[in-house]
Each structure stands twice: as structure tokens, then as C-alpha cells.
Amino acid sequence: MRKRLLVSDMDHTLLDEDSRLSQANLTAIRRHVAGGGLFTVATGRAPAAIRVFPELLPYINLPVVTGNGGQVVDLAAGDKVLRSWVLPPEVCPILKEALVRFPEMGAVAYHGLDGFCSFRVTPYVEGLIAKEKRPALPTTVDTSPMPWNKTLMTEEHDYLLKVKDWLDPQLPGLGRTVFSEETYLEILPLGVSKGAALSVILEMEGIDPREVVAVGDAPNDKEMLELAGIGAAVDNASPELKAAADAVVCSNGQGAVKDCLERWFF
């Protein structure tokens, strides 16, 4: 079946390791859209952190998936939220205890359309803030705006594995944990994934999943790749994602989105 839609993760997939959008990827996306193709992104970022790439916005011609599946947002309609899912308040005391048990761990939460707050700022959280190019509101779990779309904890991967081992038994019926990067562990609402949110977009737009190519790099992209007719992992992807992918394209630093478009659309 002819491919119509390319859905791309942003960090470490569409963007290079310095969180830059290459001219090669942008030119390929522009050519794809000019020829009648469809393009959107599925990302852990909030809409505000997508808009830091204004050169990309004219070529996103479907709603986007934000918050790793927590929201479906129509950027072209003034950031209209089409669907959203949030964490239950019972997650709050669990995160509060995690901050005590794991004192080296940085943590933030996302709320509303673009809300971004920090519970503990560490060098890893400072790096996240720099990547998003916007400040995080310093707060506590008790005084934080609610409800949360998701929380993100950050430290070295081995440290976060210990956090995950403690968190998972606390979360049945409340949420689930997923690595969006080696140093980012997130709590998402139950049933939330990029794949589930993408399926909402496909249903809205009348697009057959077999017409879709999806590309990503991390375990949080797995459901999206499994839904698409072709699920592609970048060469710098995690071993887990590569094992789930139908194909492996070049690395994010070599123009992975351009590679996808040249293989399956041009």
C-alpha cells in the first residue's frame, strides 16, 4: 500500500544530538509535503517546545502527539487540544516518596497545554530545561499545579533502573513507567502511549495504519512503530526499539528523516 504519512519522534530522531533540525531533514520534509504528503511529530515535548522550531511548523499538516501520548494537539488551530489524558492524584504521594528515597534524582512534571514545573533541579534537569528552551516553575509536589499530564525523573540510567524497580509495584491501576531516553524515566497515565495517540489521529483523519511510516529511537516509540505499516528505528536507537522495528535507517546525525522519506515516499 502506498505510504502517505510520516510520523517522527523529535529528540534523537528528527533532531541531532545538539537538538538542532538539519537543513537536509527540513528540505526533505518540505518536498514531501509539497508533493501532497502528510507529516507530523510524536514527541515527549509539549507544544511550546515544538514551537521553538518555527521553520518546521508550516510542514506539520496533521495534529501532533505531545507528552509521549498524553495529548493530541492541533497546532494550526491555535494549539487546540483534541484529546488529553492525565495522571490520577494518587500518583502525587508516590512521587513525593520517590524524591525522598532517591535524593540524587531530578524530577519535573507537565500539566495543561504547556505547563512545566520542577520539583528538584539537578544538572540533568538543567539540561532538560535548556533543551526545551523555556523555564520550569520551581514548586513542590504539594503546591504543584494539577492534574499532571506526566512526570519525568532524570539521572544516570543505572540509578533510574533502581527508581523504576521501586516505582512499578506502587503504580498498578494508576500509571506506568517508560524510558523516553536513557536518562529520562517517565510516569504516564495508564493506556497512554505515542501509538495510542497516533491511532486517534489516524481515526480522525481516515488514514489506514498501513499508509504510515513511523520513526523513533527510544522504548517510548515502540507502540507507535508497531502500529505503523513500517516502523523504523534510527541507527542510534536503543536495542529494544531496534528489535521491534521493521527497518533501521541512518542515525539522527546523518539525516534519519530524510532517509525515511527517500526510502518509502520519493
# chains A, B, ... in the order shown; residues from 1 in each chain; ligands from 1

$ residues_around --residues "Glu17 of chain A" --least-positions-apart "4" --cutoff "9 Å" --atoms "only C-alpha atoms" --output "PyMOL selection string"
chain A and resi 11-13+252-253

$ residues_around --residues "segment 72-78 of chain A" --least-positions-apart "5" --cutoff "10 Å" --atoms "only C-alpha atoms" --output "ChimeraX atom specification"
/A:42,46-48,50-51,57-58,60-67,83-85,113,194,197-198,200-201

$ select_by_dssp --residues "segment 132-232 of chain A" --states "strand (DSSP E)" --output "ChimeraX atom specification"
/A:137-138,148-154,175-181,184-189,212-216,230-232

$ closest_atom_pairs --of "segment 29-96 of chain A" --to "segment 169-188 of chain A" --cutoff "12 Å" --atoms "only C-alpha atoms" --output "JSON lines"
{"residue": "A:Ala42", "atom": "CA", "partner": "A:Ser180", "partner_atom": "CA", "distance": 12.0}
{"residue": "A:Thr43", "atom": "CA", "partner": "A:Ser180", "partner_atom": "CA", "distance": 9.4}
{"residue": "A:Gly44", "atom": "CA", "partner": "A:Ser180", "partner_atom": "CA", "distance": 7.5}
{"residue": "A:Arg45", "atom": "CA", "partner": "A:Ser180", "partner_atom": "CA", "distance": 10.7}
{"residue": "A:Thr66", "atom": "CA", "partner": "A:Leu188", "partner_atom": "CA", "distance": 11.9}
{"residue": "A:Gly67", "atom": "CA", "partner": "A:Leu188", "partner_atom": "CA", "distance": 8.6}
{"residue": "A:Asn68", "atom": "CA", "partner": "A:Leu188", "partner_atom": "CA", "distance": 8.0}
{"residue": "A:Gly69", "atom": "CA", "partner": "A:Leu188", "partner_atom": "CA", "distance": 8.5}
{"residue": "A:Gly70", "atom": "CA", "partner": "A:Leu188", "partner_atom": "CA", "distance": 7.5}
{"residue": "A:Gln71", "atom": "CA", "partner": "A:Leu188", "partner_atom": "CA", "distance": 11.2}
{"residue": "A:Ser84", "atom": "CA", "partner": "A:Leu188", "partner_atom": "CA", "distance": 11.8}
{"residue": "A:Trp85", "atom": "CA", "partner": "A:Leu188", "partner_atom": "CA", "distance": 9.0}
{"residue": "A:Val86", "atom": "CA", "partner": "A:Leu188", "partner_atom": "CA", "distance": 7.9}
{"residue": "A:Leu87", "atom": "CA", "partner": "A:Gly175", "partner_atom": "CA", "distance": 6.8}
{"residue": "A:Pro88", "atom": "CA", "partner": "A:Leu174", "partner_atom": "CA", "distance": 6.4}
{"residue": "A:Pro89", "atom": "CA", "partner": "A:Leu174", "partner_atom": "CA", "distance": 8.9}
{"residue": "A:Glu90", "atom": "CA", "partner": "A:Leu174", "partner_atom": "CA", "distance": 7.2}
{"residue": "A:Val91", "atom": "CA", "partner": "A:Leu174", "partner_atom": "CA", "distance": 6.8}
{"residue": "A:Cys92", "atom": "CA", "partner": "A:Leu174", "partner_atom": "CA", "distance": 10.6}
{"residue": "A:Pro93", "atom": "CA", "partner": "A:Gln170", "partner_atom": "CA", "distance": 10.4}
{"residue": "A:Ile94", "atom": "CA", "partner": "A:Gln170", "partner_atom": "CA", "distance": 7.2}
{"residue": "A:Leu95", "atom": "CA", "partner": "A:Ile187", "partner_atom": "CA", "distance": 9.4}

$ write_last_selection --atoms "N, CA and C atoms" --output "compact mmCIF listing (two decimals), in the first residue's frame"
# COMPACT_ATOMS: atom_id res chain seq x y z
N ALA A 42 5.53 13.02 16.87
CA ALA A 42 5.04 12.40 18.11
C ALA A 42 6.20 12.47 19.09
N THR A 43 6.02 13.22 20.16
CA THR A 43 7.15 13.63 20.98
C THR A 43 6.78 13.65 22.46
N GLY A 44 7.79 13.63 23.30
CA GLY A 44 7.58 13.86 24.72
C GLY A 44 7.43 15.33 25.04
N ARG A 45 7.78 16.18 24.10
CA ARG A 45 7.72 17.62 24.31
C ARG A 45 6.27 18.12 24.39
N THR A 66 1.81 14.94 21.73
CA THR A 66 2.72 15.54 22.70
C THR A 66 2.67 14.73 24.00
N GLY A 67 3.64 15.03 24.88
CA GLY A 67 3.66 14.37 26.18
C GLY A 67 3.75 12.86 26.12
N ASN A 68 4.44 12.34 25.07
CA ASN A 68 4.57 10.89 24.89
C ASN A 68 3.22 10.19 24.78
N GLY A 69 2.24 10.91 24.22
CA GLY A 69 0.93 10.31 24.01
C GLY A 69 -0.16 10.88 24.90
N GLY A 70 0.20 11.79 25.80
CA GLY A 70 -0.78 12.34 26.73
C GLY A 70 -1.73 13.34 26.12
N GLN A 71 -1.34 13.93 24.99
CA GLN A 71 -2.20 14.91 24.33
C GLN A 71 -2.12 14.76 22.82
N SER A 84 -6.90 14.44 25.55
CA SER A 84 -5.89 14.51 26.60
C SER A 84 -6.18 13.48 27.68
N TRP A 85 -5.12 13.03 28.32
CA TRP A 85 -5.20 12.07 29.41
C TRP A 85 -4.28 12.57 30.52
N VAL A 86 -4.67 12.37 31.79
CA VAL A 86 -3.88 12.88 32.91
C VAL A 86 -3.68 11.79 33.96
N LEU A 87 -2.68 12.01 34.80
CA LEU A 87 -2.41 11.09 35.90
C LEU A 87 -3.40 11.33 37.04
N PRO A 88 -3.81 10.27 37.74
CA PRO A 88 -4.68 10.45 38.90
C PRO A 88 -3.91 11.07 40.06
N PRO A 89 -4.60 11.75 40.98
CA PRO A 89 -3.91 12.42 42.09
C PRO A 89 -3.18 11.46 43.01
N GLU A 90 -3.55 10.18 42.98
CA GLU A 90 -2.87 9.19 43.83
C GLU A 90 -1.40 9.01 43.49
N VAL A 91 -0.99 9.49 42.30
CA VAL A 91 0.43 9.41 41.92
C VAL A 91 1.27 10.41 42.72
N CYS A 92 0.66 11.48 43.19
CA CYS A 92 1.42 12.55 43.88
C CYS A 92 2.19 12.04 45.10
N PRO A 93 1.55 11.36 46.05
CA PRO A 93 2.33 10.90 47.20
C PRO A 93 3.40 9.88 46.83
N ILE A 94 3.19 9.14 45.75
CA ILE A 94 4.20 8.18 45.31
C ILE A 94 5.44 8.92 44.83
N LEU A 95 5.25 9.95 44.02
CA LEU A 95 6.40 10.73 43.56
C LEU A 95 7.07 11.44 44.73

$ residues_around --residues "Gly36 of chain A" --least-positions-apart "4" --cutoff "9 Å" --atoms "only C-alpha atoms" --output "ChimeraX atom specification"
/A:4,31-32

$ write_last_selection --atoms "C-alpha atoms" --output "mmCIF file, in the first residue's frame"
data_model
loop_
_atom_site.group_PDB
_atom_site.id
_atom_site.type_symbol
_atom_site.label_atom_id
_atom_site.label_comp_id
_atom_site.auth_asym_id
_atom_site.auth_seq_id
_atom_site.Cartn_x
_atom_site.Cartn_y
_atom_site.Cartn_z
ATOM 1 C CA ARG A 4 1.080 8.792 2.795
ATOM 2 C CA ARG A 31 9.475 18.315 -0.615
ATOM 3 C CA HIS A 32 7.274 15.576 0.861
#

$ select_by_dssp --residues "segment 159-234 of chain A" --states "helix (DSSP H, G or I)" --output "PyMOL selection string"
chain A and resi 159-170+194-205+209-211+219-227

$ atom_distance --atom1 "atom CA of Asn236 of chain A" --atom2 "atom CA of Ser251 of chain A"
5.3 Å

$ residues_around --residues "Arg30 of chain A" --least-positions-apart "5" --cutoff "12 Å" --atoms "only C-alpha atoms" --output "list in words"
Gln23, Ala24, Asn25, Gly35, Gly36, Gly37, Leu38, Phe39, Glu55, Leu56, Leu57, Pro58, Tyr59, Ile60, Asn61, Val257, Lys258 and Leu261 of chain A

$ write_last_selection --atoms "N, CA and C atoms" --output "short mmCIF file (atom, residue, chain, number, x, y, z; two decimals), in the first residue's frame"
data_model
loop_
_atom_site.label_atom_id
_atom_site.label_comp_id
_atom_site.auth_asym_id
_atom_site.auth_seq_id
_atom_site.Cartn_x
_atom_site.Cartn_y
_atom_site.Cartn_z
N GLN A 23 19.15 21.14 7.89
CA GLN A 23 18.57 21.62 6.64
C GLN A 23 18.20 20.47 5.73
N ALA A 24 18.97 19.38 5.78
CA ALA A 24 18.67 18.21 4.94
C ALA A 24 17.33 17.61 5.29
N ASN A 25 17.06 17.43 6.59
CA ASN A 25 15.75 16.90 7.01
C ASN A 25 14.63 17.86 6.64
N GLY A 35 4.54 17.74 -2.27
CA GLY A 35 4.03 16.72 -3.17
C GLY A 35 2.73 16.08 -2.70
N GLY A 36 2.13 16.61 -1.67
CA GLY A 36 0.86 16.09 -1.18
C GLY A 36 0.98 15.13 -0.01
N GLY A 37 2.19 14.94 0.53
CA GLY A 37 2.39 14.03 1.64
C GLY A 37 1.98 14.63 2.97
N LEU A 38 1.83 13.75 3.94
CA LEU A 38 1.44 14.15 5.29
C LEU A 38 2.63 13.97 6.23
N PHE A 39 2.76 14.90 7.18
CA PHE A 39 3.87 14.83 8.14
C PHE A 39 3.41 15.36 9.48
N GLU A 55 10.59 27.06 11.78
CA GLU A 55 10.79 26.68 10.39
C GLU A 55 10.12 25.36 10.04
N LEU A 56 9.83 24.53 11.06
CA LEU A 56 9.19 23.23 10.84
C LEU A 56 7.67 23.34 10.78
N LEU A 57 7.10 24.31 11.48
CA LEU A 57 5.66 24.37 11.70
C LEU A 57 4.82 24.38 10.42
N PRO A 58 5.24 25.09 9.35
CA PRO A 58 4.39 25.10 8.14
C PRO A 58 4.22 23.73 7.49
N TYR A 59 5.08 22.78 7.84
CA TYR A 59 5.06 21.48 7.18
C TYR A 59 4.45 20.38 8.04
N ILE A 60 4.02 20.73 9.25
CA ILE A 60 3.26 19.81 10.09
C ILE A 60 1.79 19.98 9.72
N ASN A 61 1.25 19.05 8.95
CA ASN A 61 -0.10 19.24 8.40
C ASN A 61 -1.13 18.28 8.97
N VAL A 257 15.33 11.30 9.05
CA VAL A 257 14.02 11.59 8.46
C VAL A 257 14.14 11.69 6.94
N LYS A 258 15.18 12.32 6.46
CA LYS A 258 15.45 12.36 5.02
C LYS A 258 15.59 10.94 4.48
N LEU A 261 12.14 9.32 4.15
CA LEU A 261 11.38 9.87 3.03
C LEU A 261 11.92 9.34 1.69
#

$ closest_residue --among "A:Phe53, A:Val141, A:Glu223, A:Met105" --to "His157 of chain A" --atoms "only C-alpha atoms"
A:Met105

$ residues_around --residues "Asp221 of chain A" --least-positions-apart "3" --cutoff "9 Å" --atoms "only C-alpha atoms" --output "PDB file with N, CA and C atoms, in the first residue's frame"
ATOM      1  N   ASP A   9       9.433  10.913  15.770  1.00  0.00           N
ATOM      2  CA  ASP A   9       9.873  11.399  17.070  1.00  0.00           C
ATOM      3  C   ASP A   9      10.765  12.619  16.832  1.00  0.00           C
ATOM      4  N   ALA A  42       5.527  13.021  16.873  1.00  0.00           N
ATOM      5  CA  ALA A  42       5.043  12.397  18.105  1.00  0.00           C
ATOM      6  C   ALA A  42       6.198  12.475  19.091  1.00  0.00           C
ATOM      7  N   THR A  43       6.023  13.223  20.157  1.00  0.00           N
ATOM      8  CA  THR A  43       7.145  13.628  20.983  1.00  0.00           C
ATOM      9  C   THR A  43       6.776  13.653  22.459  1.00  0.00           C
ATOM     10  N   ASN A  68       4.438  12.341  25.075  1.00  0.00           N
ATOM     11  CA  ASN A  68       4.572  10.890  24.886  1.00  0.00           C
ATOM     12  C   ASN A  68       3.224  10.187  24.784  1.00  0.00           C
ATOM     13  N   SER A 180      12.015   7.365  28.099  1.00  0.00           N
ATOM     14  CA  SER A 180      11.980   8.129  26.857  1.00  0.00           C
ATOM     15  C   SER A 180      13.384   8.449  26.368  1.00  0.00           C
ATOM     16  N   SER A 193       0.269   6.093  25.259  1.00  0.00           N
ATOM     17  CA  SER A 193       1.499   5.854  24.507  1.00  0.00           C
ATOM     18  C   SER A 193       1.421   6.670  23.231  1.00  0.00           C
ATOM     19  N   LYS A 194       2.538   6.831  22.576  1.00  0.00           N
ATOM     20  CA  LYS A 194       2.511   7.509  21.278  1.00  0.00           C
ATOM     21  C   LYS A 194       1.656   6.725  20.285  1.00  0.00           C
ATOM     22  N   GLY A 195       1.703   5.407  20.361  1.00  0.00           N
ATOM     23  CA  GLY A 195       0.909   4.590  19.452  1.00  0.00           C
ATOM     24  C   GLY A 195      -0.580   4.780  19.658  1.00  0.00           C
ATOM     25  N   ALA A 214       6.509   5.285  10.676  1.00  0.00           N
ATOM     26  CA  ALA A 214       6.840   5.944  11.943  1.00  0.00           C
ATOM     27  C   ALA A 214       8.293   5.675  12.264  1.00  0.00           C
ATOM     28  N   VAL A 215       8.998   6.684  12.773  1.00  0.00           N
ATOM     29  CA  VAL A 215      10.426   6.543  13.069  1.00  0.00           C
ATOM     30  C   VAL A 215      10.718   7.106  14.451  1.00  0.00           C
ATOM     31  N   GLY A 216      11.568   6.399  15.201  1.00  0.00           N
ATOM     32  CA  GLY A 216      11.923   6.828  16.542  1.00  0.00           C
ATOM     33  C   GLY A 216      13.218   6.206  17.018  1.00  0.00           C
ATOM     34  N   ASP A 217      13.528   6.451  18.306  1.00  0.00           N
ATOM     35  CA  ASP A 217      14.824   5.990  18.832  1.00  0.00           C
ATOM     36  C   ASP A 217      14.744   5.298  20.187  1.00  0.00           C
ATOM     37  N   ALA A 218      13.635   5.432  20.911  1.00  0.00           N
ATOM     38  CA  ALA A 218      13.613   5.017  22.315  1.00  0.00           C
ATOM     39  C   ALA A 218      12.453   4.068  22.595  1.00  0.00           C
ATOM     40  N   MET A 224       4.164   3.070  18.755  1.00  0.00           N
ATOM     41  CA  MET A 224       3.964   3.822  17.518  1.00  0.00           C
ATOM     42  C   MET A 224       4.530   3.060  16.317  1.00  0.00           C
ATOM     43  N   LEU A 225       5.709   2.497  16.480  1.00  0.00           N
ATOM     44  CA  LEU A 225       6.310   1.727  15.394  1.00  0.00           C
ATOM     45  C   LEU A 225       5.510   0.472  15.097  1.00  0.00           C
ATOM     46  N   GLU A 226       4.955  -0.139  16.138  1.00  0.00           N
ATOM     47  CA  GLU A 226       4.163  -1.357  15.938  1.00  0.00           C
ATOM     48  C   GLU A 226       2.846  -1.059  15.221  1.00  0.00           C
ATOM     49  N   ALA A 233      13.524   2.305  13.085  1.00  0.00           N
ATOM     50  CA  ALA A 233      14.370   2.782  14.180  1.00  0.00           C
ATOM     51  C   ALA A 233      15.600   3.449  13.589  1.00  0.00           C
ATOM     52  N   LEU A 241      14.264  -0.961  20.860  1.00  0.00           N
ATOM     53  CA  LEU A 241      13.470  -0.436  19.757  1.00  0.00           C
ATOM     54  C   LEU A 241      13.900  -1.049  18.428  1.00  0.00           C
TER      55      LEU A 241
END

$ atom_distance --atom1 "atom CA of Leu128 of chain A" --atom2 "atom CA of Thr154 of chain A"
9.0 Å

$ atom_distance --atom1 "atom CA of Trp264 of chain A" --atom2 "atom CA of Leu5 of chain A"
10.1 Å

$ closest_residue --among "A:Val81, A:Ala237, A:Met146, A:Leu160" --to "Ala98 of chain A" --atoms "only C-alpha atoms"
A:Leu160
